file start_2.txt (compact mmCIF, C-alpha atoms and all ligand atoms)
# COMPACT_ATOMS: atom_id res chain seq x y z
CA MET X 1462 -2.62 -38.44 -18.80
CA LYS X 1463 -0.21 -35.53 -18.45
CA GLY X 1464 -1.44 -31.94 -18.62
CA GLN X 1465 -1.42 -30.83 -22.25
CA VAL X 1466 0.16 -27.39 -21.77
CA ASN X 1467 3.19 -27.41 -24.03
CA ILE X 1468 2.04 -29.69 -26.81
CA SER X 1469 3.05 -28.30 -30.20
CA LYS X 1470 0.53 -27.92 -33.00
CA ALA X 1471 2.67 -30.25 -35.12
CA THR X 1472 2.27 -32.99 -32.51
CA VAL X 1473 -1.49 -32.43 -32.27
CA ASP X 1474 -1.74 -32.51 -36.08
CA ARG X 1475 0.00 -35.92 -36.14
CA LEU X 1476 -2.42 -37.48 -33.63
CA PRO X 1477 -5.22 -38.08 -36.19
CA LEU X 1478 -2.64 -39.86 -38.39
CA TYR X 1479 -1.66 -42.12 -35.48
CA PHE X 1480 -5.32 -42.78 -34.80
CA ARG X 1481 -6.06 -43.67 -38.42
CA THR X 1482 -3.04 -45.97 -38.67
CA LEU X 1483 -3.93 -47.71 -35.41
CA ARG X 1484 -7.49 -48.21 -36.66
CA LEU X 1485 -6.17 -49.86 -39.81
CA ALA X 1486 -3.78 -52.02 -37.76
CA GLN X 1487 -6.71 -53.02 -35.53
CA ASP X 1488 -8.75 -53.97 -38.63
CA GLU X 1489 -5.82 -56.13 -39.75
CA GLY X 1490 -5.96 -57.97 -36.42
CA ILE X 1491 -2.59 -56.67 -35.21
CA ASP X 1492 -2.34 -56.75 -31.39
CA ILE X 1493 1.05 -55.14 -30.83
CA ILE X 1494 2.85 -52.60 -32.99
CA SER X 1495 6.34 -51.17 -32.60
CA SER X 1496 7.18 -47.50 -33.07
CA ASP X 1497 9.40 -48.65 -35.97
CA GLU X 1498 6.40 -50.22 -37.73
CA LEU X 1499 4.15 -47.26 -36.96
CA GLY X 1500 6.87 -45.00 -38.33
CA ARG X 1501 7.23 -47.10 -41.47
CA ARG X 1502 3.50 -46.94 -42.13
CA LEU X 1503 3.38 -43.19 -41.55
CA GLY X 1504 6.68 -42.01 -42.96
CA ILE X 1505 7.57 -40.51 -39.55
CA THR X 1506 10.64 -41.44 -37.52
CA PRO X 1507 10.05 -43.82 -34.56
CA GLU X 1508 11.80 -41.26 -32.32
CA GLN X 1509 9.24 -38.62 -33.30
CA ILE X 1510 6.36 -41.01 -32.57
CA ARG X 1511 7.76 -41.95 -29.16
CA LYS X 1512 8.33 -38.25 -28.36
CA ASP X 1513 4.82 -37.26 -29.48
CA LEU X 1514 3.14 -40.00 -27.47
CA ALA X 1515 5.33 -39.40 -24.42
CA SER X 1516 3.92 -35.83 -24.26
CA PHE X 1517 0.59 -37.34 -23.22
CA GLY X 1518 1.69 -40.12 -20.90
CA GLN X 1519 3.34 -43.49 -20.64
CA PHE X 1520 2.27 -45.73 -23.50
CA GLY X 1521 3.75 -48.99 -24.69
CA LYS X 1522 6.34 -51.32 -23.19
CA LYS X 1523 10.07 -51.10 -23.85
CA GLY X 1524 11.13 -53.95 -26.11
CA VAL X 1525 7.50 -54.99 -26.73
CA GLY X 1526 5.82 -52.09 -28.50
CA TYR X 1527 2.35 -50.57 -28.21
CA TYR X 1528 -0.83 -52.54 -27.63
CA VAL X 1529 -2.88 -51.43 -30.65
CA ASN X 1530 -6.34 -51.42 -29.01
CA GLU X 1531 -5.13 -49.64 -25.91
CA LEU X 1532 -3.11 -47.01 -27.79
CA LYS X 1533 -5.97 -46.38 -30.24
CA ARG X 1534 -8.36 -45.90 -27.32
CA ASN X 1535 -5.93 -43.51 -25.62
CA VAL X 1536 -5.17 -41.49 -28.75
CA GLY X 1537 -8.94 -41.33 -29.44
CA LYS X 1538 -9.44 -40.02 -25.91
CA ILE X 1539 -6.73 -37.38 -26.35
CA LEU X 1540 -8.43 -36.32 -29.59
CA GLY X 1541 -11.77 -36.14 -27.78
CA LEU X 1542 -13.28 -38.70 -30.12
CA ASP X 1543 -14.87 -40.53 -27.19
CA ASN X 1544 -17.22 -37.55 -26.79
CA HIS X 1545 -19.58 -38.41 -29.66
CA TRP X 1546 -19.93 -34.85 -30.94
CA ASN X 1547 -23.17 -33.75 -32.59
CA ILE X 1548 -22.49 -32.07 -35.92
CA ALA X 1549 -24.50 -30.06 -38.46
CA VAL X 1550 -23.73 -29.16 -42.05
CA VAL X 1551 -24.83 -25.76 -43.38
CA GLY X 1552 -25.23 -25.40 -47.15
CA ILE X 1553 -26.34 -28.64 -48.76
CA GLY X 1554 -25.00 -28.09 -52.27
CA HIS X 1555 -22.32 -30.13 -54.03
CA LEU X 1556 -19.85 -30.09 -51.15
CA GLY X 1557 -22.29 -30.07 -48.24
CA GLU X 1558 -24.14 -33.09 -49.58
CA ALA X 1559 -20.89 -35.00 -50.11
CA LEU X 1560 -19.77 -34.19 -46.55
CA ALA X 1561 -23.14 -35.19 -45.12
CA ASN X 1562 -22.90 -38.51 -46.96
CA TYR X 1563 -19.38 -39.32 -45.74
CA GLN X 1564 -19.81 -42.47 -43.63
CA ASN X 1565 -16.42 -42.28 -41.93
CA PHE X 1566 -17.52 -39.39 -39.68
CA VAL X 1567 -19.97 -41.71 -37.94
CA SER X 1568 -17.33 -44.36 -37.37
CA LEU X 1569 -15.16 -41.69 -35.74
CA GLY X 1570 -17.98 -40.87 -33.33
CA PHE X 1571 -19.46 -37.78 -35.01
CA ASN X 1572 -23.26 -37.83 -35.09
CA LEU X 1573 -24.80 -35.99 -38.01
CA VAL X 1574 -27.91 -34.51 -36.41
CA ALA X 1575 -28.91 -31.60 -38.67
CA LEU X 1576 -28.56 -30.14 -42.16
CA PHE X 1577 -29.50 -26.58 -43.12
CA ASP X 1578 -30.00 -24.65 -46.33
CA GLN X 1579 -31.86 -21.57 -47.48
CA ASP X 1580 -33.08 -22.88 -50.84
CA PRO X 1581 -36.73 -24.06 -50.75
CA LYS X 1582 -35.80 -26.67 -53.39
CA VAL X 1583 -33.22 -28.17 -51.02
CA ILE X 1584 -35.13 -27.82 -47.74
CA GLY X 1585 -37.07 -31.03 -47.05
CA LYS X 1586 -34.65 -33.25 -48.99
CA THR X 1587 -33.18 -36.21 -47.10
CA VAL X 1588 -29.42 -36.79 -47.13
CA ASN X 1589 -27.92 -39.69 -45.18
CA HIS X 1590 -31.20 -40.14 -43.24
CA VAL X 1591 -31.25 -36.48 -42.14
CA VAL X 1592 -33.80 -34.00 -43.46
CA VAL X 1593 -32.52 -30.60 -44.65
CA GLU X 1594 -34.07 -27.84 -42.55
CA ASP X 1595 -34.62 -24.14 -43.12
CA ILE X 1596 -31.56 -22.06 -42.13
CA ARG X 1597 -33.95 -19.74 -40.30
CA ASN X 1598 -34.47 -22.47 -37.68
CA MET X 1599 -30.77 -23.15 -37.27
CA GLN X 1600 -30.12 -21.38 -33.97
CA GLN X 1601 -33.06 -23.01 -32.24
CA VAL X 1602 -32.14 -26.47 -33.58
CA VAL X 1603 -28.46 -26.07 -32.62
CA LYS X 1604 -29.51 -25.44 -29.03
CA GLU X 1605 -32.21 -28.12 -28.89
CA ARG X 1606 -30.00 -30.88 -30.36
CA ASN X 1607 -26.89 -29.82 -28.52
CA ILE X 1608 -24.88 -29.36 -31.71
CA GLN X 1609 -21.23 -28.71 -30.87
CA ILE X 1610 -19.67 -28.58 -34.35
CA GLY X 1611 -20.91 -26.63 -37.36
CA ILE X 1612 -19.62 -27.39 -40.84
CA ILE X 1613 -19.88 -24.46 -43.25
CA ALA X 1614 -20.32 -25.25 -46.95
CA VAL X 1615 -22.16 -22.14 -48.19
CA PRO X 1616 -20.81 -19.68 -50.80
CA ALA X 1617 -18.13 -17.35 -49.40
CA ALA X 1618 -20.43 -14.31 -49.41
CA PHE X 1619 -22.73 -15.95 -46.83
CA ALA X 1620 -20.17 -17.82 -44.73
CA GLN X 1621 -19.42 -15.11 -42.15
CA GLY X 1622 -23.14 -14.61 -41.47
CA VAL X 1623 -23.60 -18.35 -40.96
CA ALA X 1624 -20.54 -18.47 -38.67
CA ASP X 1625 -21.89 -15.59 -36.57
CA LYS X 1626 -25.19 -17.42 -36.10
CA LEU X 1627 -23.45 -20.69 -35.22
CA VAL X 1628 -21.30 -18.91 -32.63
CA GLU X 1629 -24.35 -17.16 -31.18
CA ALA X 1630 -26.20 -20.47 -30.98
CA GLY X 1631 -23.36 -21.93 -28.90
CA VAL X 1632 -21.35 -24.33 -31.09
CA LYS X 1633 -17.86 -25.08 -29.79
CA GLY X 1634 -16.11 -25.41 -33.13
CA ILE X 1635 -16.46 -24.60 -36.81
CA TRP X 1636 -15.09 -26.53 -39.77
CA ASN X 1637 -15.12 -23.96 -42.56
CA PHE X 1638 -14.89 -24.86 -46.24
CA ALA X 1639 -15.73 -21.41 -47.63
CA PRO X 1640 -12.68 -19.61 -49.03
CA ILE X 1641 -12.74 -16.63 -46.67
CA LYS X 1642 -10.92 -15.54 -43.54
CA MET X 1643 -13.54 -15.81 -40.80
CA GLU X 1644 -13.80 -13.42 -37.88
CA VAL X 1645 -14.73 -15.43 -34.78
CA PRO X 1646 -14.24 -14.86 -31.05
CA ASP X 1647 -10.92 -16.09 -29.61
CA SER X 1648 -12.78 -18.72 -27.63
CA MET X 1649 -14.06 -20.35 -30.83
CA HIS X 1650 -12.05 -23.10 -32.50
CA ILE X 1651 -12.14 -22.87 -36.25
CA ILE X 1652 -10.43 -25.08 -38.82
CA ASN X 1653 -10.34 -23.78 -42.38
CA GLU X 1654 -10.18 -26.35 -45.14
CA ASP X 1655 -9.15 -25.74 -48.71
CA LEU X 1656 -8.68 -28.66 -51.09
CA SER X 1657 -7.32 -26.36 -53.78
CA ILE X 1658 -4.23 -25.75 -51.63
CA GLY X 1659 -3.31 -29.43 -51.96
CA LEU X 1660 -3.96 -29.38 -55.68
CA SER X 1661 -1.94 -26.19 -56.18
CA SER X 1662 0.99 -27.68 -54.21
CA LEU X 1663 0.81 -30.75 -56.41
CA SER X 1664 0.91 -28.51 -59.47
CA TYR X 1665 4.07 -26.85 -58.06
CA TYR X 1666 5.84 -30.21 -57.65
CA ILE X 1667 4.88 -31.70 -61.02
CA THR X 1668 5.81 -28.43 -62.76
CA ARG X 1669 9.36 -28.90 -61.47
CA LYS X 1670 9.72 -32.59 -62.31
N1 LIG X 1701 -12.59 -26.10 -49.03
C1 LIG X 1701 -12.66 -26.75 -50.15
O1 LIG X 1701 -11.80 -27.51 -50.47
C2 LIG X 1701 -13.86 -26.53 -51.00
C3 LIG X 1701 -14.17 -27.38 -52.06
C4 LIG X 1701 -15.34 -27.14 -52.77
C5 LIG X 1701 -16.15 -26.05 -52.40
N2 LIG X 1701 -15.78 -25.23 -51.40
C6 LIG X 1701 -16.59 -24.10 -50.95
O2 LIG X 1701 -17.74 -24.65 -50.33
C7 LIG X 1701 -18.84 -23.80 -50.53
C8 LIG X 1701 -19.93 -24.58 -51.23
O3 LIG X 1701 -19.52 -25.01 -52.51
P1 LIG X 1701 -20.49 -25.89 -53.42
O4 LIG X 1701 -19.76 -26.20 -54.63
O5 LIG X 1701 -21.08 -27.00 -52.61
O6 LIG X 1701 -21.64 -24.80 -53.74
P2 LIG X 1701 -23.17 -25.06 -54.13
O7 LIG X 1701 -23.64 -23.83 -54.80
O8 LIG X 1701 -23.33 -26.37 -54.80
O9 LIG X 1701 -23.89 -25.19 -52.69
C9 LIG X 1701 -24.05 -24.13 -51.79
C10 LIG X 1701 -25.31 -24.39 -50.98
O10 LIG X 1701 -25.38 -23.40 -49.97
C11 LIG X 1701 -26.74 -22.93 -49.89
N3 LIG X 1701 -26.73 -21.59 -49.31
C12 LIG X 1701 -26.39 -20.42 -49.89
N4 LIG X 1701 -26.48 -19.41 -49.01
C13 LIG X 1701 -26.91 -19.97 -47.85
C14 LIG X 1701 -27.19 -19.43 -46.57
N5 LIG X 1701 -27.05 -18.13 -46.29
N6 LIG X 1701 -27.61 -20.27 -45.62
C15 LIG X 1701 -27.75 -21.59 -45.87
N7 LIG X 1701 -27.51 -22.16 -47.07
C16 LIG X 1701 -27.08 -21.35 -48.04
C17 LIG X 1701 -27.22 -22.99 -51.32
O11 LIG X 1701 -28.65 -23.03 -51.37
C18 LIG X 1701 -26.60 -24.29 -51.81
O12 LIG X 1701 -27.44 -25.40 -51.56
C19 LIG X 1701 -18.31 -22.62 -51.32
O13 LIG X 1701 -17.92 -21.60 -50.41
C20 LIG X 1701 -17.07 -23.17 -52.01
O14 LIG X 1701 -16.13 -22.20 -52.35
C21 LIG X 1701 -14.67 -25.46 -50.69

call {"tool": "encode", "arguments": {"input": "start_2.txt", "output": "structure tokens"}}
result
Amino acid sequence: MKGQVNISKATVDRLPLYFRTLRLAQDEGIDIISSDELGRRLGITPEQIRKDLASFGQFGKKGVGYYVNELKRNVGKILGLDNHWNIAVVGIGHLGEALANYQNFVSLGFNLVALFDQDPKVIGKTVNHVVVEDIRNMQQVVKERNIQIGIIAVPAAFAQGVADKLVEAGVKGIWNFAPIKMEVPDSMHIINEDLSIGLSSLSYYITRK
């Protein structure tokens, strides 16, 4: 694969969509898919798809298309999904419990290996075969179980403190659901998620209909 120096964020953000579409095509028993068909399924031009994929190497055959299994494996590799990351969820309330129960993470290669909370009523509960542990043990557990990704689902007021502890314990990335701007070292990868942004955008569009 080519060095990934000048890959735009927009291209990287489209890779999970390619991966998901290829997974669905694989489930449908499709062996070969054209960039036209991929584009139709994704609402992206075939030129854009060919350009995106060409940034990472030579995939597909002119006049034939892409071999679905092979391209899915390659896109998965580019995304690092062949690494089988160990993940932990912090804050097992409404959102944290739903995230911990989401079965699709496992099929993408993410292993849920720990859950943490501070509430004695929540600690000891089992969610998706994993027992909720005391947040006070988090740093030790993160190291022992080689947890690389921490998912933050605690109230905003506690989120920075949790992030600091996750960083200190050595996670490589944070998926933050708390509505705050986190301060993390430059070396840390953090993705902030906010479902209300999608809903507010939807409100904008239907207001103008
Ligand atoms: N990004 C999104 O789209 C989205 C959607 C829903 C909720 N949220 C956010 O997710 C967070 C959780 O929301 P919720 O509705 O699940 O709340 P919740 O009150 O149901 O759950 C929060 C959980 O965090 C635990 N907790 C609190 N402080 C803690 C700490 N210091 N260490 C460990 N655990 C701690 C609580 O005991 C509780 O179990 C909030 O920040 C909320 O704003 C984000």

call {"tool": "residues_around", "arguments": {"input": "start_2.txt", "residues": "stretch 1510-1526 of chain X", "least_positions_apart": "4", "cutoff": "9 Å", "atoms": "only C-alpha atoms", "output": "list in words"}}
result
Met1462, Lys1463, Gly1464, Gln1465, Asn1467, Ile1468, Thr1472, Val1473, Arg1475, Leu1476, Tyr1479, Ile1493, Ile1494, Ser1495, Ser1496, Asp1497, Leu1499, Gly1500, Ile1505, Thr1506, Glu1531, Leu1532, Asn1535, Val1536 and Ile1539 of chain X

call {"tool": "write_last_selection", "arguments": {"input": "start_2.txt", "atoms": "C-alpha atoms", "output": "PDB file, keeping the file's coordinate frame"}}
result
ATOM      1  CA  MET X1462      -2.620 -38.440 -18.800  1.00  0.00           C
ATOM      2  CA  LYS X1463      -0.210 -35.530 -18.450  1.00  0.00           C
ATOM      3  CA  GLY X1464      -1.440 -31.940 -18.620  1.00  0.00           C
ATOM      4  CA  GLN X1465      -1.420 -30.830 -22.250  1.00  0.00           C
ATOM      5  CA  ASN X1467       3.190 -27.410 -24.030  1.00  0.00           C
ATOM      6  CA  ILE X1468       2.040 -29.690 -26.810  1.00  0.00           C
ATOM      7  CA  THR X1472       2.270 -32.990 -32.510  1.00  0.00           C
ATOM      8  CA  VAL X1473      -1.490 -32.430 -32.270  1.00  0.00           C
ATOM      9  CA  ARG X1475       0.000 -35.920 -36.140  1.00  0.00           C
ATOM     10  CA  LEU X1476      -2.420 -37.480 -33.630  1.00  0.00           C
ATOM     11  CA  TYR X1479      -1.660 -42.120 -35.480  1.00  0.00           C
ATOM     12  CA  ILE X1493       1.050 -55.140 -30.830  1.00  0.00           C
ATOM     13  CA  ILE X1494       2.850 -52.600 -32.990  1.00  0.00           C
ATOM     14  CA  SER X1495       6.340 -51.170 -32.600  1.00  0.00           C
ATOM     15  CA  SER X1496       7.180 -47.500 -33.070  1.00  0.00           C
ATOM     16  CA  ASP X1497       9.400 -48.650 -35.970  1.00  0.00           C
ATOM     17  CA  LEU X1499       4.150 -47.260 -36.960  1.00  0.00           C
ATOM     18  CA  GLY X1500       6.870 -45.000 -38.330  1.00  0.00           C
ATOM     19  CA  ILE X1505       7.570 -40.510 -39.550  1.00  0.00           C
ATOM     20  CA  THR X1506      10.640 -41.440 -37.520  1.00  0.00           C
ATOM     21  CA  GLU X1531      -5.130 -49.640 -25.910  1.00  0.00           C
ATOM     22  CA  LEU X1532      -3.110 -47.010 -27.790  1.00  0.00           C
ATOM     23  CA  ASN X1535      -5.930 -43.510 -25.620  1.00  0.00           C
ATOM     24  CA  VAL X1536      -5.170 -41.490 -28.750  1.00  0.00           C
ATOM     25  CA  ILE X1539      -6.730 -37.380 -26.350  1.00  0.00           C
TER      26      ILE X1539
END

call {"tool": "residues_near_ligand", "arguments": {"input": "start_2.txt", "ligand": "ligand LIG 1701 (chain X)", "cutoff": "7 Å", "atoms": "only C-alpha atoms and all ligand atoms", "output": "short mmCIF file (atom, residue, chain, number, x, y, z; two decimals) with C-alpha atoms, in the coordinates of the input"}}
result
data_model
loop_
_atom_site.label_atom_id
_atom_site.label_comp_id
_atom_site.auth_asym_id
_atom_site.auth_seq_id
_atom_site.Cartn_x
_atom_site.Cartn_y
_atom_site.Cartn_z
CA VAL X 1551 -24.83 -25.76 -43.38
CA GLY X 1552 -25.23 -25.40 -47.15
CA ILE X 1553 -26.34 -28.64 -48.76
CA GLY X 1554 -25.00 -28.09 -52.27
CA HIS X 1555 -22.32 -30.13 -54.03
CA LEU X 1556 -19.85 -30.09 -51.15
CA GLY X 1557 -22.29 -30.07 -48.24
CA PHE X 1577 -29.50 -26.58 -43.12
CA ASP X 1578 -30.00 -24.65 -46.33
CA GLN X 1579 -31.86 -21.57 -47.48
CA ASP X 1580 -33.08 -22.88 -50.84
CA VAL X 1583 -33.22 -28.17 -51.02
CA ILE X 1596 -31.56 -22.06 -42.13
CA ALA X 1614 -20.32 -25.25 -46.95
CA VAL X 1615 -22.16 -22.14 -48.19
CA PRO X 1616 -20.81 -19.68 -50.80
CA ALA X 1617 -18.13 -17.35 -49.40
CA PHE X 1619 -22.73 -15.95 -46.83
CA VAL X 1623 -23.60 -18.35 -40.96
CA PHE X 1638 -14.89 -24.86 -46.24
CA ALA X 1639 -15.73 -21.41 -47.63
CA PRO X 1640 -12.68 -19.61 -49.03
CA GLU X 1654 -10.18 -26.35 -45.14
CA ASP X 1655 -9.15 -25.74 -48.71
CA LEU X 1656 -8.68 -28.66 -51.09
CA SER X 1657 -7.32 -26.36 -53.78
#

call {"tool": "closest_residue", "arguments": {"input": "start_2.txt", "among": "X:Leu1540, X:Ile1491, X:Arg1481, X:Ile1548", "to": "X:Tyr1527", "atoms": "all atoms listed in the file"}}
result
X:Ile1491

call {"tool": "residues_around", "arguments": {"input": "start_2.txt", "residues": "X:Gln1621", "least_positions_apart": "6", "cutoff": "9 Å", "atoms": "all atoms listed in the file", "output": "list in words"}}
result
Ile1641, Lys1642, Met1643, Glu1644 and Val1645 of chain X

call {"tool": "axis_aligned_box", "arguments": {"input": "start_2.txt", "around": "stretch 1603-1621 of chain X", "padding_each_side": "8 Å", "output": "JSON"}}
result
{"center_x": -25.2, "center_y": -22.6, "center_z": -39.7, "size_x": 30.1, "size_y": 32.6, "size_z": 38.3}

call {"tool": "atom_distance", "arguments": {"input": "start_2.txt", "atom1": "atom CA of X:Gly1570", "atom2": "atom CA of X:Leu1542"}}
result
6.1 Å

call {"tool": "atom_distance", "arguments": {"input": "start_2.txt", "atom1": "atom CA of X:Arg1501", "atom2": "atom CA of X:Val1567"}}
result
28.0 Å

call {"tool": "atom_distance", "arguments": {"input": "start_2.txt", "atom1": "atom CA of X:Leu1483", "atom2": "atom CA of X:Gly1537"}}
result
10.1 Å

call {"tool": "residues_near_point", "arguments": {"input": "start_2.txt", "point": "(-30.3, -28.9, -32.9)", "cutoff": "9 Å", "atoms": "all atoms listed in the file", "output": "list in words"}}
result
Asn1547, Ile1548, Ala1549, Val1574, Ala1575, Met1599, Gln1600, Gln1601, Val1602, Val1603, Lys1604, Glu1605, Arg1606, Asn1607 and Ile1608 of chain X

call {"tool": "write_last_selection", "arguments": {"input": "start_2.txt", "atoms": "C-alpha atoms", "output": "compact mmCIF listing (two decimals), in the frame of the given file"}}
result
# COMPACT_ATOMS: atom_id res chain seq x y z
CA ASN X 1547 -23.17 -33.75 -32.59
CA ILE X 1548 -22.49 -32.07 -35.92
CA ALA X 1549 -24.50 -30.06 -38.46
CA VAL X 1574 -27.91 -34.51 -36.41
CA ALA X 1575 -28.91 -31.60 -38.67
CA MET X 1599 -30.77 -23.15 -37.27
CA GLN X 1600 -30.12 -21.38 -33.97
CA GLN X 1601 -33.06 -23.01 -32.24
CA VAL X 1602 -32.14 -26.47 -33.58
CA VAL X 1603 -28.46 -26.07 -32.62
CA LYS X 1604 -29.51 -25.44 -29.03
CA GLU X 1605 -32.21 -28.12 -28.89
CA ARG X 1606 -30.00 -30.88 -30.36
CA ASN X 1607 -26.89 -29.82 -28.52
CA ILE X 1608 -24.88 -29.36 -31.71

call {"tool": "residues_around", "arguments": {"input": "start_2.txt", "residues": "X:Met1649", "least_positions_apart": "2", "cutoff": "8 Å", "atoms": "all atoms listed in the file", "output": "VMD selection string"}}
result
chain X and resid 1628 1633 to 1635 1645 to 1647 1651
